[in-house]
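A.B. asks: For reference, the file final13.txt (compact mmCIF, C-alpha atoms and all ligand atoms) is included below:
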```
# COMPACT_ATOMS: atom_id res chain seq x y z
CA MET A 1 122.88 204.35 6.30
CA ILE A 2 123.27 200.86 4.89
CA ALA A 3 126.64 199.28 4.22
CA SER A 4 127.42 198.15 0.70
CA ALA A 5 130.03 196.01 -0.98
CA ASN A 6 132.17 199.12 -1.26
CA GLN A 7 131.79 199.98 2.44
CA PRO A 8 131.64 196.76 4.44
CA ILE A 9 130.57 197.13 8.08
CA GLN A 10 133.55 197.83 10.31
CA PHE A 11 133.58 197.23 14.04
CA GLN A 12 137.23 197.94 14.78
CA GLY A 13 137.74 200.89 17.11
CA ARG A 14 134.02 201.38 17.79
CA LEU A 15 132.40 201.66 21.20
CA ALA A 16 129.60 199.26 22.17
CA VAL A 17 127.14 199.49 25.05
CA ILE A 18 126.25 196.32 27.01
CA ALA A 19 122.75 196.42 28.53
CA THR A 20 123.09 194.59 31.84
CA MET A 21 122.44 195.14 35.54
CA HIS A 22 123.80 191.75 36.51
CA CYS A 23 127.50 191.98 35.59
CA LYS A 24 127.17 190.07 32.32
CA GLU A 25 129.82 192.42 30.92
CA ARG A 26 132.36 190.29 32.80
CA VAL A 27 132.00 187.58 30.13
CA ILE A 28 130.44 189.42 27.18
CA GLY A 29 132.91 192.33 27.26
CA PRO A 30 136.27 190.53 26.92
CA ILE A 31 135.02 188.07 24.27
CA LEU A 32 133.58 190.73 21.94
CA GLU A 33 136.36 193.25 22.59
CA ALA A 34 138.91 190.65 21.48
CA ALA A 35 136.86 189.34 18.54
CA LEU A 36 135.84 192.72 17.08
CA ALA A 37 138.62 195.04 18.36
CA ILE A 38 135.96 197.22 20.02
CA LYS A 39 135.63 198.84 23.45
CA THR A 40 132.58 198.17 25.61
CA LEU A 41 130.89 199.99 28.47
CA VAL A 42 127.87 199.44 30.71
CA PRO A 43 125.45 202.36 31.14
CA PRO A 44 125.23 203.15 34.88
CA ASN A 45 121.54 204.02 34.92
CA LEU A 46 119.83 201.44 32.73
CA ASP A 47 117.08 199.47 34.46
CA THR A 48 116.91 196.20 32.51
CA ASP A 49 114.55 194.69 35.10
CA ARG A 50 111.74 196.82 33.69
CA PHE A 51 111.80 194.48 30.68
CA GLY A 52 110.93 191.63 33.03
CA THR A 53 113.30 189.54 35.05
CA PHE A 54 114.34 186.26 33.50
CA THR A 55 111.45 184.02 32.65
CA ARG A 56 110.67 180.86 34.55
CA GLU A 57 109.77 178.84 31.49
CA VAL A 58 111.66 178.18 28.29
CA ASP A 59 110.00 180.64 25.95
CA ARG A 60 109.67 180.43 22.28
CA ALA A 61 112.95 181.87 21.01
CA GLY A 62 110.95 184.72 19.44
CA ALA A 63 109.79 186.16 22.75
CA GLN A 64 113.23 185.75 24.27
CA LEU A 65 114.90 187.47 21.32
CA GLU A 66 112.39 190.32 21.51
CA ALA A 67 113.24 190.88 25.18
CA ALA A 68 116.99 190.94 24.44
CA ARG A 69 116.48 193.27 21.48
CA ARG A 70 114.44 195.73 23.59
CA LYS A 71 117.24 195.90 26.17
CA ALA A 72 119.90 196.51 23.49
CA LEU A 73 117.80 199.26 21.89
CA ALA A 74 117.12 200.91 25.27
CA ALA A 75 120.87 201.06 25.93
CA ILE A 76 121.46 202.52 22.45
CA GLU A 77 118.78 205.19 23.10
CA LEU A 78 120.14 206.03 26.53
CA THR A 79 123.77 206.43 25.48
CA ASN A 80 123.46 207.40 21.81
CA ILE A 81 126.05 204.72 21.04
CA SER A 82 125.04 202.91 17.84
CA LEU A 83 126.29 199.45 18.82
CA GLY A 84 124.26 197.71 21.55
CA ILE A 85 124.54 194.25 23.09
CA ALA A 86 122.13 192.44 25.42
CA SER A 87 121.38 188.93 26.57
CA GLU A 88 118.34 187.02 27.72
CA GLY A 89 118.10 183.58 29.28
CA SER A 90 115.25 181.17 29.81
CA PHE A 91 115.01 178.08 31.98
CA GLY A 92 112.68 175.17 32.32
CA PRO A 93 112.25 171.47 31.74
CA HIS A 94 114.16 169.96 28.82
CA PRO A 95 111.89 169.77 25.74
CA ILE A 96 112.50 166.00 25.37
CA LEU A 97 114.34 164.54 28.36
CA PRO A 98 112.05 164.10 31.39
CA GLY A 99 113.30 165.45 34.71
CA VAL A 100 116.22 167.35 33.15
CA ALA A 101 116.53 171.14 33.49
CA TYR A 102 117.39 173.20 30.46
CA ASN A 103 118.86 176.65 29.85
CA GLN A 104 118.68 178.61 26.63
CA GLU A 105 120.82 181.76 26.35
CA LEU A 106 120.70 184.40 23.62
CA VAL A 107 123.14 187.27 23.13
CA VAL A 108 122.06 189.84 20.55
CA LEU A 109 124.13 192.56 18.88
CA VAL A 110 122.30 195.50 17.29
CA ASP A 111 124.21 197.88 15.00
CA ARG A 112 121.77 200.72 14.47
CA GLU A 113 124.17 202.59 12.21
CA HIS A 114 124.04 199.78 9.65
CA GLY A 115 120.72 198.09 10.36
CA LEU A 116 122.38 194.86 11.45
CA GLU A 117 121.12 192.44 14.10
CA LEU A 118 122.82 189.14 14.92
CA THR A 119 122.15 186.61 17.67
CA GLY A 120 124.45 184.10 19.36
CA GLU A 121 122.83 181.10 21.02
CA HIS A 122 123.68 178.42 23.55
CA ARG A 123 121.44 175.61 24.77
CA THR A 124 122.54 173.42 27.63
CA THR A 125 121.50 171.02 30.35
CA GLN A 126 124.39 172.40 32.45
CA THR A 127 122.21 174.45 34.76
CA ASN A 128 121.29 174.45 38.45
CA TYR A 129 117.77 175.69 37.67
CA ARG A 130 115.83 174.06 40.47
CA HIS A 131 113.43 174.83 43.32
CA CYS A 132 112.01 172.98 46.30
CA THR A 133 109.70 173.22 49.28
CA ILE A 134 111.41 172.87 52.66
CA ARG A 135 110.36 172.74 56.33
CA ASP A 136 113.52 173.67 58.23
CA LEU A 137 117.08 174.92 58.02
CA ALA A 138 118.57 171.44 57.59
CA GLU A 139 116.48 170.86 54.47
CA ALA A 140 117.41 174.33 53.24
CA GLU A 141 121.11 173.56 53.62
CA LYS A 142 120.71 170.28 51.76
CA PHE A 143 118.99 172.05 48.84
CA ALA A 144 121.60 174.82 48.87
CA GLN A 145 124.41 172.29 48.57
CA ALA A 146 122.67 170.57 45.67
CA VAL A 147 122.54 173.79 43.62
CA GLY A 148 126.16 174.81 44.18
CA PHE A 149 125.84 177.16 47.19
CA PRO A 150 127.73 179.27 48.20
CA SER A 151 129.38 179.98 44.82
CA HIS A 152 125.80 179.98 43.48
CA GLY A 153 123.18 182.18 45.17
CA ILE A 154 119.87 181.09 46.71
CA VAL A 155 116.45 182.75 46.75
CA VAL A 156 114.23 182.22 49.81
CA MET A 157 110.49 182.89 49.59
CA ALA A 158 107.61 182.30 52.01
CA SER A 159 105.66 180.83 49.08
CA PRO A 160 106.36 180.25 45.38
CA LYS A 161 104.13 183.22 44.48
CA ALA A 162 105.69 185.63 47.01
CA ASP A 163 106.45 188.80 45.14
CA PRO A 164 108.98 190.15 45.72
CA PRO A 165 110.95 187.22 47.13
CA ILE A 166 111.96 187.85 50.72
CA PHE A 167 115.65 187.18 50.23
CA LYS A 168 117.59 187.03 46.98
CA GLY A 169 121.26 186.49 46.23
CA ILE A 170 122.05 184.62 49.45
CA THR A 171 125.67 183.41 49.26
CA THR A 172 126.62 182.86 52.92
CA ILE A 173 125.55 180.34 55.53
CA GLU A 174 124.81 183.32 57.83
CA GLY A 175 122.48 184.73 55.20
CA LEU A 176 120.69 181.41 54.87
CA THR A 177 120.43 180.96 58.65
CA HIS A 178 118.91 184.43 58.85
CA ALA A 179 116.48 184.11 55.93
CA VAL A 180 114.97 180.66 56.46
CA PRO A 181 113.39 181.26 59.93
CA GLN A 182 112.05 184.67 58.83
CA ALA A 183 110.41 183.15 55.77
CA LEU A 184 109.02 180.28 57.88
CA ASN A 185 107.49 182.88 60.23
CA GLN A 186 105.68 184.49 57.30
CA SER A 187 104.46 181.24 55.80
CA PRO A 188 100.93 180.10 56.67
CA THR A 189 101.77 176.51 55.69
CA ALA A 190 104.92 175.91 57.80
CA THR A 191 106.83 175.30 54.58
CA ILE A 192 108.78 177.72 52.39
CA HIS A 193 110.01 177.87 48.82
CA LEU A 194 113.70 177.92 47.87
CA GLU A 195 115.16 178.30 44.43
CA ALA A 196 118.54 178.72 42.77
CA ASP A 197 119.20 182.38 41.98
CA MET A 198 119.45 182.45 38.19
CA ARG A 199 120.69 186.05 37.92
CA ALA A 200 124.07 185.89 36.17
CA LEU A 201 126.11 187.54 38.93
CA TYR A 202 124.88 184.94 41.45
CA ASN A 203 125.21 182.03 39.08
CA PRO A 204 128.63 181.12 37.60
CA THR A 205 127.10 178.18 35.71
CA ARG A 206 124.74 180.54 33.91
CA MET A 207 127.56 183.04 33.37
CA ALA A 208 129.47 180.29 31.54
CA ALA A 209 126.44 179.63 29.32
CA ILE A 210 126.25 183.35 28.48
CA ALA A 211 129.95 183.22 27.56
CA GLU A 212 129.23 180.32 25.17
CA ALA A 213 126.37 182.26 23.53
CA THR A 214 128.71 185.26 23.18
CA ARG A 215 131.34 183.07 21.48
CA ASP A 216 128.65 181.86 19.08
CA LEU A 217 127.80 185.50 18.31
CA ALA A 218 131.50 186.34 17.72
CA ARG A 219 131.81 183.37 15.36
CA LYS A 220 128.77 184.50 13.34
CA LEU A 221 130.04 188.10 13.21
CA SER A 222 133.33 186.88 11.73
CA GLN A 223 131.59 185.01 8.90
CA ARG A 224 131.10 187.49 6.06
CA CYS A 225 128.98 187.09 2.95
CA PRO A 226 131.31 186.34 0.00
CA ALA A 227 129.18 188.57 -2.24
CA CYS A 228 128.67 191.71 -0.09
CA GLN A 229 130.73 191.24 3.13
CA TRP A 230 127.67 191.49 5.40
CA PRO A 231 128.41 189.74 8.74
CA GLY A 232 126.51 186.67 9.90
CA PHE A 233 126.94 184.42 6.87
CA ASP A 234 126.16 181.38 8.97
CA MET A 235 125.05 177.89 7.96
CA GLY A 236 121.60 178.40 9.44
CA GLU A 237 119.49 176.12 7.22
CA ARG A 238 119.50 172.36 6.74
CA VAL A 239 118.16 170.75 3.58
CA PRO A 240 117.06 167.10 3.99
CA GLY A 241 117.52 164.37 1.38
CA LEU A 242 120.63 162.35 2.29
CA PRO A 243 120.33 159.18 0.12
CA CYS A 244 119.70 155.79 1.70
CA ALA A 245 122.80 153.58 1.66
CA LEU A 246 120.78 150.60 0.33
CA CYS A 247 118.27 151.97 -2.18
CA ASN A 248 119.47 155.55 -2.74
CA ALA A 249 116.04 157.08 -1.96
CA PRO A 250 116.18 160.49 -0.24
CA THR A 251 115.74 160.41 3.56
CA GLU A 252 114.96 163.09 6.14
CA LEU A 253 118.64 163.29 7.12
CA THR A 254 120.56 166.41 6.09
CA LEU A 255 121.98 166.50 2.57
CA LEU A 256 123.02 170.16 2.51
CA GLY A 257 123.75 172.95 4.94
CA ARG A 258 122.89 176.36 3.52
CA SER A 259 124.27 179.79 4.37
CA ARG A 260 122.10 182.74 3.41
CA CYS A 261 123.07 186.41 3.54
CA GLN A 262 120.63 188.52 5.59
CA TYR A 263 121.45 191.54 3.43
CA CYS A 264 121.78 190.49 -0.24
CA GLY A 265 120.22 187.01 -0.14
CA PHE A 266 123.29 185.26 -1.58
CA THR A 267 123.27 181.55 -0.69
CA LEU A 268 126.01 178.95 -0.49
CA ASP A 269 125.41 175.22 -0.05
CA HIS A 270 127.66 172.93 1.97
CA PRO A 271 127.14 169.27 0.99
CA TYR A 272 127.25 166.59 3.71
CA PRO A 273 127.64 168.98 6.68
CA ASP A 274 127.46 166.06 9.14
CA GLY A 275 130.20 164.13 7.34
CA LEU A 276 127.78 161.40 6.15
CA ARG A 277 127.40 160.68 2.42
CA THR A 278 124.65 158.10 2.82
CA ALA A 279 121.94 157.48 5.39
CA ASP A 280 121.63 154.31 7.44
CA PRO A 281 118.67 152.32 6.00
CA THR A 282 116.90 152.58 9.39
CA TYR A 283 116.10 156.18 8.36
CA CYS A 284 114.73 155.12 4.97
CA ALA A 285 110.95 155.15 4.38
CA TYR A 286 111.29 152.30 1.82
CA CYS A 287 113.85 150.01 3.49
CA ASN A 288 112.44 150.53 7.00
CA PRO A 289 108.81 151.55 6.60
ZN ZN B 1 116.37 152.65 1.39
ZN ZN B 2 125.48 189.41 1.01
```
Output the file's structure in the form of structure tokens.
Ligand SMILES: [Zn+2]
Ligand SMILES: [Zn+2]
C.D. replies:
Amino acid sequence: MIASANQPIQFQGRLAVIATMHCKERVIGPILEAALAIKTLVPPNLDTDRFGTFTREVDRAGAQLEAARRKALAAIELTNISLGIASEGSFGPHPILPGVAYNQELVVLVDREHGLELTGEHRTTQTNYRHCTIRDLAEAEKFAQAVGFPSHGIVVMASPKADPPIFKGITTIEGLTHAVPQALNQSPTATIHLEADMRALYNPTRMAAIAEATRDLARKLSQRCPACQWPGFDMGERVPGLPCALCNAPTELTLLGRSRCQYCGFTLDHPYPDGLRTADPTYCAYCNP
């Protein structure tokens, strides 16, 4: 069934299923329950790890969205609840800034009853995504401190390719003192690999990024198409052409923001979305060739 102008999609009073094994419902649940007046639950027997644990590189958003969508649909199938929510994160080097780590979080909502899918996003350099090679416990402790241990968990591996890692989710000095010598014993090179545990329940910094992506999703859900009331009427497109302040020629800077309805195609333009009415001549192909 597809919603129409006469029957706009309603969320109020519905039940939604959150596909997570890593306690993401702690941040996703309260934000969406308050924004949509829904109730949420986590299925007890959903194995989201079979869709792959979080990736080690920043993926194209397409692959990341596909992973989140598959988790949401699996939870919908398992519970027969038509509203499903899932998240997927990726980590890696910043696309532009050298030496800076980068986290991209997506939270997707799938409403199978109405054929709606909407995604909230958050991109940030606020992440402890990091790894290192160490030789002894003192170096391990130094690394642990640098990535926010013990509020943030640590993964200890004999080598970077060790699968599965020997110890995950270490959050105590006793745990670290126990894991490091064992891993060293198994390592042929007398060095071992440590990394920050990026799973949400061991990583409050990541949990905060997931909360931001969820807020972005709630904001998009609240923006309805003026023509048909479909949710997600978000200013997702930018149209270049802001005129040069000196010669009035169009530049690559944004002239218009454009909202487009996923359902009926209605568009609405927002002039000067960045608050600028003219472009600095440094951006002009004629004044500053
Ligand atoms: Zn110019
Ligand atoms: Zn519409």
A.B. asks: One decimal, Å: what's the distance from CA of Ile210 (chain A) over to CA of Arg260 (chain A), could you say?
C.D. replies: 25.4 Å
A.B. asks: Excluding Thr282 (chain A) and residues on its chain fewer than 6 positions from it, collect all residues at most 9 Å away from it, counting all atoms listed in the file, and give them as a list in words.
C.D. replies: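 Residues near the query, excluding close chain neighbours: Cys244, Asn288 and Pro289 of chain A.
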A.B. asks: Would you give me, as CSV, each residue of region 33-118 of chain A having an atom within 12 Å of an atom of region 6-13 of chain A, along with its shortest atom pair and that distance in Å to one decimal, using only C-alpha atoms and sorting by chain and residue number?
C.D. replies:
```
residue,atom,partner,partner_atom,distance
A:Glu33,CA,A:Gln12,CA,9.2
A:Ala34,CA,A:Gln12,CA,10.0
A:Ala35,CA,A:Gln12,CA,9.4
A:Leu36,CA,A:Gln12,CA,5.9
A:Ala37,CA,A:Gln12,CA,4.8
A:Ile38,CA,A:Gly13,CA,5.0
A:Lys39,CA,A:Gly13,CA,7.0
A:Thr40,CA,A:Gly13,CA,10.3
A:Ser82,CA,A:Phe11,CA,10.9
A:Leu83,CA,A:Phe11,CA,9.0
A:Gly84,CA,A:Phe11,CA,12.0
A:Leu109,CA,A:Phe11,CA,11.6
A:Val110,CA,A:Phe11,CA,11.9
A:Asp111,CA,A:Ile9,CA,9.4
A:Arg112,CA,A:Ile9,CA,11.5
A:Glu113,CA,A:Ile9,CA,9.4
A:His114,CA,A:Ile9,CA,7.2
A:Gly115,CA,A:Ile9,CA,10.2
A:Leu116,CA,A:Ile9,CA,9.1
```
A.B. asks: Return the single residue from A:Leu137, A:Val180, A:Met235, A:Val100 that is closest to His270 (chain A), with distances computed using only C-alpha atoms.
C.D. replies: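 So, comparing all the options, the nearest one is A:Met235.
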A.B. asks: Please report, as JSON lines, each residue of chain A lying at most 9 Å from ligand ZN 1 (chain B), together with the nearest pair of atoms and the separation in Å rounded to one decimal; use all atoms listed in the file, and order rows by chain and ascending residue number.
C.D. replies:
```
{"residue": "A:Pro243", "atom": "CA", "partner": "B:ZN1", "partner_atom": "ZN", "distance": 7.7}
{"residue": "A:Cys244", "atom": "CA", "partner": "B:ZN1", "partner_atom": "ZN", "distance": 4.6}
{"residue": "A:Ala245", "atom": "CA", "partner": "B:ZN1", "partner_atom": "ZN", "distance": 6.5}
{"residue": "A:Leu246", "atom": "CA", "partner": "B:ZN1", "partner_atom": "ZN", "distance": 5.0}
{"residue": "A:Cys247", "atom": "CA", "partner": "B:ZN1", "partner_atom": "ZN", "distance": 4.1}
{"residue": "A:Asn248", "atom": "CA", "partner": "B:ZN1", "partner_atom": "ZN", "distance": 5.9}
{"residue": "A:Ala249", "atom": "CA", "partner": "B:ZN1", "partner_atom": "ZN", "distance": 5.6}
{"residue": "A:Pro250", "atom": "CA", "partner": "B:ZN1", "partner_atom": "ZN", "distance": 8.0}
{"residue": "A:Thr251", "atom": "CA", "partner": "B:ZN1", "partner_atom": "ZN", "distance": 8.1}
{"residue": "A:Ala279", "atom": "CA", "partner": "B:ZN1", "partner_atom": "ZN", "distance": 8.4}
{"residue": "A:Asp280", "atom": "CA", "partner": "B:ZN1", "partner_atom": "ZN", "distance": 8.2}
{"residue": "A:Pro281", "atom": "CA", "partner": "B:ZN1", "partner_atom": "ZN", "distance": 5.2}
{"residue": "A:Thr282", "atom": "CA", "partner": "B:ZN1", "partner_atom": "ZN", "distance": 8.0}
{"residue": "A:Tyr283", "atom": "CA", "partner": "B:ZN1", "partner_atom": "ZN", "distance": 7.8}
{"residue": "A:Cys284", "atom": "CA", "partner": "B:ZN1", "partner_atom": "ZN", "distance": 4.6}
{"residue": "A:Ala285", "atom": "CA", "partner": "B:ZN1", "partner_atom": "ZN", "distance": 6.7}
{"residue": "A:Tyr286", "atom": "CA", "partner": "B:ZN1", "partner_atom": "ZN", "distance": 5.1}
{"residue": "A:Cys287", "atom": "CA", "partner": "B:ZN1", "partner_atom": "ZN", "distance": 4.2}
{"residue": "A:Asn288", "atom": "CA", "partner": "B:ZN1", "partner_atom": "ZN", "distance": 7.2}
```
A.B. asks: Please extract the residues at most 7 Å from ligand ZN 2 (chain B), counting all atoms listed in the file, and provide them as a short mmCIF file (atom, residue, chain, number, x, y, z; two decimals) with C-alpha atoms, in the frame of the given file, using the chain letters and residue numbers of this document.
C.D. replies:
```
data_model
loop_
_atom_site.label_atom_id
_atom_site.label_comp_id
_atom_site.auth_asym_id
_atom_site.auth_seq_id
_atom_site.Cartn_x
_atom_site.Cartn_y
_atom_site.Cartn_z
CA CYS A 225 128.98 187.09 2.95
CA PRO A 226 131.31 186.34 0.00
CA ALA A 227 129.18 188.57 -2.24
CA CYS A 228 128.67 191.71 -0.09
CA GLN A 229 130.73 191.24 3.13
CA TRP A 230 127.67 191.49 5.40
CA CYS A 261 123.07 186.41 3.54
CA GLN A 262 120.63 188.52 5.59
CA TYR A 263 121.45 191.54 3.43
CA CYS A 264 121.78 190.49 -0.24
CA GLY A 265 120.22 187.01 -0.14
CA PHE A 266 123.29 185.26 -1.58
#
```
A.B. asks: Given the point (120.9, 190.7, 16.9) in the file's coordinates, find the residues that have an atom at most 10 Å from it, counting only C-alpha atoms, and give them as a ChimeraX atom specification.
C.D. replies: /A:65-66,68-69,72,84-87,106-111,115-120,217,232
